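So this one's coords_19.txt, compact mmCIF, C-alpha atoms and all ligand atoms:
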# COMPACT_ATOMS: atom_id res chain seq x y z
CA MET R 1 100.91 74.52 86.46
CA ALA R 2 100.31 76.66 89.51
CA GLN R 3 98.26 79.77 90.16
CA VAL R 4 100.45 82.62 91.35
CA GLY R 5 99.46 86.00 92.74
CA ILE R 6 102.28 88.55 92.65
CA PHE R 7 101.90 91.19 95.38
CA VAL R 8 103.97 94.31 94.80
CA GLY R 9 105.21 97.01 97.16
CA THR R 10 106.87 99.91 95.40
CA VAL R 11 107.53 103.64 95.74
CA TYR R 12 109.40 104.52 92.56
CA GLY R 13 108.44 101.58 90.35
CA ASN R 14 111.52 99.35 90.52
CA ALA R 15 109.69 96.53 92.27
CA LEU R 16 106.85 96.81 89.76
CA LEU R 17 109.26 96.42 86.84
CA ILE R 18 110.74 93.35 88.50
CA ALA R 19 107.23 92.00 89.10
CA GLU R 20 106.22 92.53 85.47
CA GLU R 21 109.29 90.63 84.34
CA ALA R 22 108.59 87.88 86.88
CA GLU R 23 105.06 87.61 85.52
CA ILE R 24 106.41 87.00 82.00
CA LEU R 25 108.90 84.38 83.20
CA LEU R 26 106.29 82.54 85.27
CA VAL R 27 103.83 82.50 82.37
CA GLU R 28 106.60 81.19 80.08
CA ALA R 29 107.11 78.38 82.62
CA GLY R 30 103.43 77.47 82.26
CA HIS R 31 101.94 79.11 85.34
CA GLU R 32 98.79 81.20 85.59
CA VAL R 33 99.72 84.59 87.02
CA LYS R 34 98.00 87.73 88.27
CA LEU R 35 99.83 90.84 89.37
CA PHE R 36 98.51 93.09 92.14
CA ASP R 37 100.14 96.50 92.54
CA GLU R 38 97.82 97.33 95.43
CA GLY R 39 96.80 93.90 96.63
CA SER R 40 93.61 93.47 98.64
CA LEU R 41 92.88 91.00 101.39
CA GLU R 42 90.32 89.37 99.09
CA SER R 43 92.97 88.57 96.48
CA TRP R 44 95.33 87.39 99.21
CA GLN R 45 92.71 85.01 100.58
CA TYR R 46 92.39 83.44 97.15
CA TYR R 47 96.11 82.97 96.54
CA ARG R 48 96.86 81.71 100.02
CA HIS R 49 95.43 78.43 98.74
CA HIS R 50 97.76 78.61 95.74
CA PHE R 51 101.05 80.58 95.59
CA ALA R 52 101.95 84.15 96.51
CA LEU R 53 105.08 85.94 95.32
CA ILE R 54 105.77 89.10 97.32
CA ILE R 55 108.08 91.62 95.66
CA THR R 56 108.63 94.68 97.78
CA SER R 57 111.10 97.51 98.13
CA THR R 58 111.86 99.24 101.42
CA THR R 59 111.21 102.89 102.16
CA GLY R 60 111.68 105.31 105.06
CA GLN R 61 113.69 103.57 107.74
CA GLY R 62 113.02 99.94 106.95
CA ASN R 63 109.33 100.55 106.20
CA LEU R 64 106.89 98.95 103.79
CA PRO R 65 105.81 101.11 100.82
CA ASP R 66 102.28 102.54 101.02
CA SER R 67 101.21 100.31 98.11
CA ILE R 68 101.62 97.16 100.24
CA ALA R 69 101.51 98.37 103.87
CA PRO R 70 97.67 98.11 104.13
CA LEU R 71 97.75 94.52 102.84
CA TYR R 72 100.48 93.63 105.34
CA GLN R 73 98.39 95.08 108.17
CA GLU R 74 95.27 93.19 107.11
CA VAL R 75 97.14 89.91 106.75
CA LYS R 76 98.54 90.51 110.23
CA ASP R 77 95.25 91.50 111.85
CA LYS R 78 92.73 89.34 110.02
CA VAL R 79 94.38 86.22 108.61
CA GLY R 80 96.34 84.60 111.44
CA TYR R 81 97.58 81.03 111.09
CA GLN R 82 97.94 80.11 107.40
CA PRO R 83 100.06 76.96 107.02
CA GLU R 84 98.47 76.26 103.62
CA LEU R 85 100.15 79.32 102.11
CA HIS R 86 103.23 78.76 99.95
CA TYR R 87 105.10 81.91 99.06
CA GLY R 88 108.27 83.41 97.63
CA LEU R 89 109.81 86.73 98.57
CA ILE R 90 111.97 89.19 96.69
CA ALA R 91 113.14 92.14 98.80
CA LEU R 92 114.55 95.25 97.14
CA GLY R 93 116.71 97.58 99.16
CA ASP R 94 119.93 99.51 99.36
CA SER R 95 122.73 98.42 101.67
CA SER R 96 123.69 102.03 102.42
CA TYR R 97 120.55 102.19 104.61
CA ASP R 98 120.42 100.85 108.17
CA HIS R 99 117.49 98.50 107.73
CA PHE R 100 118.61 96.72 104.59
CA CYS R 101 115.60 95.15 102.83
CA GLY R 102 113.67 95.75 106.05
CA ALA R 103 110.21 95.66 104.43
CA GLY R 104 110.81 92.29 102.80
CA HIS R 105 112.08 90.85 106.07
CA THR R 106 109.12 92.30 107.98
CA PHE R 107 106.68 90.58 105.61
CA ASP R 108 108.68 87.35 105.72
CA ASP R 109 108.79 87.36 109.54
CA LEU R 110 105.01 87.76 109.67
CA LEU R 111 104.38 84.89 107.26
CA GLN R 112 106.81 82.65 109.14
CA GLU R 113 104.99 83.48 112.41
CA GLN R 114 101.72 82.57 110.71
CA GLY R 115 103.06 79.14 109.76
CA ALA R 116 103.28 79.78 106.01
CA VAL R 117 105.79 77.82 103.93
CA ARG R 118 108.42 79.81 102.05
CA VAL R 119 109.48 78.23 98.78
CA GLY R 120 113.14 79.05 98.05
CA GLU R 121 115.35 81.52 99.86
CA LEU R 122 114.34 85.12 100.41
CA LEU R 123 116.12 87.08 97.67
CA GLU R 124 117.70 90.38 98.72
CA VAL R 125 118.42 92.77 95.84
CA ASP R 126 120.85 95.55 96.68
CA ALA R 127 120.40 98.63 94.46
CA LEU R 128 123.98 99.61 95.30
CA GLN R 129 125.41 96.36 93.90
CA HIS R 130 122.92 95.72 91.13
CA PRO R 131 122.00 98.67 88.92
CA GLU R 132 120.22 96.11 86.71
CA PRO R 133 118.23 94.14 89.29
CA GLU R 134 116.57 91.90 86.68
CA LEU R 135 119.95 90.20 86.16
CA VAL R 136 119.59 88.90 89.73
CA THR R 137 115.85 88.43 89.91
CA GLY R 138 115.42 86.75 86.50
CA PRO R 139 117.44 83.59 87.36
CA TRP R 140 115.84 83.45 90.83
CA VAL R 141 112.32 83.62 89.35
CA LYS R 142 113.13 80.92 86.78
CA LYS R 143 114.28 78.64 89.59
CA TRP R 144 111.23 79.49 91.70
CA ALA R 145 109.00 78.70 88.73
CA GLU R 146 110.46 75.18 88.74
CA LEU R 147 110.19 74.77 92.52
CA ILE R 148 106.45 75.47 92.50
CA LYS R 149 105.88 72.83 89.83
CA ALA R 150 106.94 70.08 92.23
C1 LIG T 201 113.59 107.69 100.96
C2 LIG T 201 114.16 106.30 100.77
C3 LIG T 201 114.27 105.46 101.85
C4 LIG T 201 114.80 104.16 101.70
N1 LIG T 201 114.94 103.36 102.82
C5 LIG T 201 115.51 102.13 102.68
C6 LIG T 201 115.73 101.30 103.83
O1 LIG T 201 115.41 101.63 104.97
N2 LIG T 201 116.30 100.07 103.63
C7 LIG T 201 116.68 99.64 102.39
O2 LIG T 201 117.20 98.53 102.27
N3 LIG T 201 116.49 100.42 101.28
C8 LIG T 201 115.93 101.65 101.40
N4 LIG T 201 115.74 102.43 100.28
C9 LIG T 201 116.17 101.92 98.96
C10 LIG T 201 115.02 101.37 98.09
O3 LIG T 201 114.34 100.30 98.72
C11 LIG T 201 115.60 100.89 96.76
O4 LIG T 201 116.14 102.00 96.07
C12 LIG T 201 114.59 100.19 95.88
O5 LIG T 201 115.22 99.68 94.72
C13 LIG T 201 113.44 101.11 95.46
O6 LIG T 201 112.46 100.33 94.79
P1 LIG T 201 111.05 100.95 94.35
O7 LIG T 201 111.30 101.83 93.17
O8 LIG T 201 110.25 99.74 93.97
O9 LIG T 201 110.45 101.65 95.51
C14 LIG T 201 115.21 103.72 100.42
C15 LIG T 201 115.08 104.58 99.32
C16 LIG T 201 114.57 105.86 99.48
C17 LIG T 201 114.50 106.79 98.28
What's the structure tokens form of this structure?
Ligand SMILES: Cc1cc2nc3c(=O)[nH]c(=O)nc-3n(C[C@H](O)[C@H](O)[C@H](O)COP(=O)(O)O)c2cc1C
Amino acid sequence: MAQVGIFVGTVYGNALLIAEEAEILLVEAGHEVKLFDEGSLESWQYYRHHFALIITSTTGQGNLPDSIAPLYQEVKDKVGYQPELHYGLIALGDSSYDHFCGAGHTFDDLLQEQGAVRVGELLEVDALQHPEPELVTGPWVKKWAELIKA
């Protein structure tokens, strides 16, 4: 059993729906889960010693949604090296835009720079290809739930 903090970045609610479903699947797998739709640095600092699952859409031109941009900035400015952090990342986007899943990749790049360990591959979810994103994210989350048990 692991403790998982889900940190959500959303504009229109798609990423939040995915996160709520992920929460259910992780709990079913035996994990203890908390969902943050506007995560604070305080909650991040707790989960960096456990597991973080970042689920964010992309807005503007490859930008982070306002619900997660302040957390990203604080992690960047105040956390620094964090090799103890294990995390997963689900990036929502639309391949008709130039910076496909840009926000998810921006967050992933930062965490990689900070020495954090990504568990599993970054999952890109293309709204153009997947009108029902949970069909893609559900199996990924179930697999991730097993990976963090190891
Ligand atoms: C104004 C606007 C800008 C967007 N910009 C991007 C972008 O730069 N890159 C991308 O991959 N997707 C982009 N998208 C697509 C969204 O990320 C995608 O529709 C996602 O599923 C929305 O999730 P949300 O409801 O959680 O915000 C944009 C969507 C809108 C409406």
- Item | Surrounding residues as a PyMOL selection string, ligand LIG 201 (chain T), max 7 Å, only C-alpha atoms and all ligand atoms | chain R and resi 9-16+56-63+92-95+97-102+127
Could you save the residues just selected, with C-alpha atoms, as a short mmCIF file (atom, residue, chain, number, x, y, z; two decimals), keeping the file's coordinate frame?
data_model
loop_
_atom_site.label_atom_id
_atom_site.label_comp_id
_atom_site.auth_asym_id
_atom_site.auth_seq_id
_atom_site.Cartn_x
_atom_site.Cartn_y
_atom_site.Cartn_z
CA GLY R 9 105.21 97.01 97.16
CA THR R 10 106.87 99.91 95.40
CA VAL R 11 107.53 103.64 95.74
CA TYR R 12 109.40 104.52 92.56
CA GLY R 13 108.44 101.58 90.35
CA ASN R 14 111.52 99.35 90.52
CA ALA R 15 109.69 96.53 92.27
CA LEU R 16 106.85 96.81 89.76
CA THR R 56 108.63 94.68 97.78
CA SER R 57 111.10 97.51 98.13
CA THR R 58 111.86 99.24 101.42
CA THR R 59 111.21 102.89 102.16
CA GLY R 60 111.68 105.31 105.06
CA GLN R 61 113.69 103.57 107.74
CA GLY R 62 113.02 99.94 106.95
CA ASN R 63 109.33 100.55 106.20
CA LEU R 92 114.55 95.25 97.14
CA GLY R 93 116.71 97.58 99.16
CA ASP R 94 119.93 99.51 99.36
CA SER R 95 122.73 98.42 101.67
CA TYR R 97 120.55 102.19 104.61
CA ASP R 98 120.42 100.85 108.17
CA HIS R 99 117.49 98.50 107.73
CA PHE R 100 118.61 96.72 104.59
CA CYS R 101 115.60 95.15 102.83
CA GLY R 102 113.67 95.75 106.05
CA ALA R 127 120.40 98.63 94.46
#
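Using only C-alpha atoms, the smallest distance between any of R:Val117, R:Phe7, R:Phe51, R:Thr106 and Glu38 of chain R comes from R:Phe7.
Residue nearest Leu111 of chain R within the list R:Glu84, R:Glu32, R:Glu134, R:Glu42: R:Glu84 [criterion: smallest interatomic distance, only C-alpha atoms].
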Where's the centre, and what are the edge lengths in Å to one decimal, of a box along x, y and z enclosing all listed atoms of segment 12-28 of chain R padded 8 Å per side, as lines of an AutoDock Vina configuration file?
center_x = 107.7
center_y = 92.9
center_z = 86.3
size_x = 23.7
size_y = 39.3
size_z = 28.5
- Near Lys34 of chain R, counting all atoms listed in the file, which residues have an atom at most 8 Å away, once you skip same-chain residues fewer than 4 positions from it, shown as JSON, numbers by chain? {"R": [4, 5, 6, 23]}
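The smallest atom-to-atom distance between Lys149 of chain R and any of R:Ile55, R:His31, R:Arg48, R:Leu25, using all atoms listed in the file, is found for R:His31.
One distance worth recording is that between atom CA of Glu28 of chain R and atom CA of Pro133 of chain R, which is 19.7 Å.
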- For atom CA of Leu147 of chain R and atom CA of Ile68 of chain R, the interatomic separation in Å (one decimal): 25.2 Å
- When distances are computed from all atoms listed in the file, which of R:Tyr47, R:Ala103, R:Glu113, R:Gly39 shows the smallest separation from Glu74 of chain R?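 So, comparing all the options, the nearest one is R:Gly39.
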- Item | Top pick for closest residue to Val141 of chain R, considering R:Val119, R:Ala69, R:Leu64, R:Leu85 and counting all atoms listed in the file |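 Residue with the minimum atom-to-atom distance to Val141 of chain R: R:Val119.
Distance-wise, atom CA of Val125 of chain R and atom CA of Gln73 of chain R end up 23.6 Å apart.
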- Residue nearest Leu110 of chain R - candidates R:Val33, R:Val75, R:Val136, R:Leu53, atoms counted: all atoms listed in the file: R:Val75
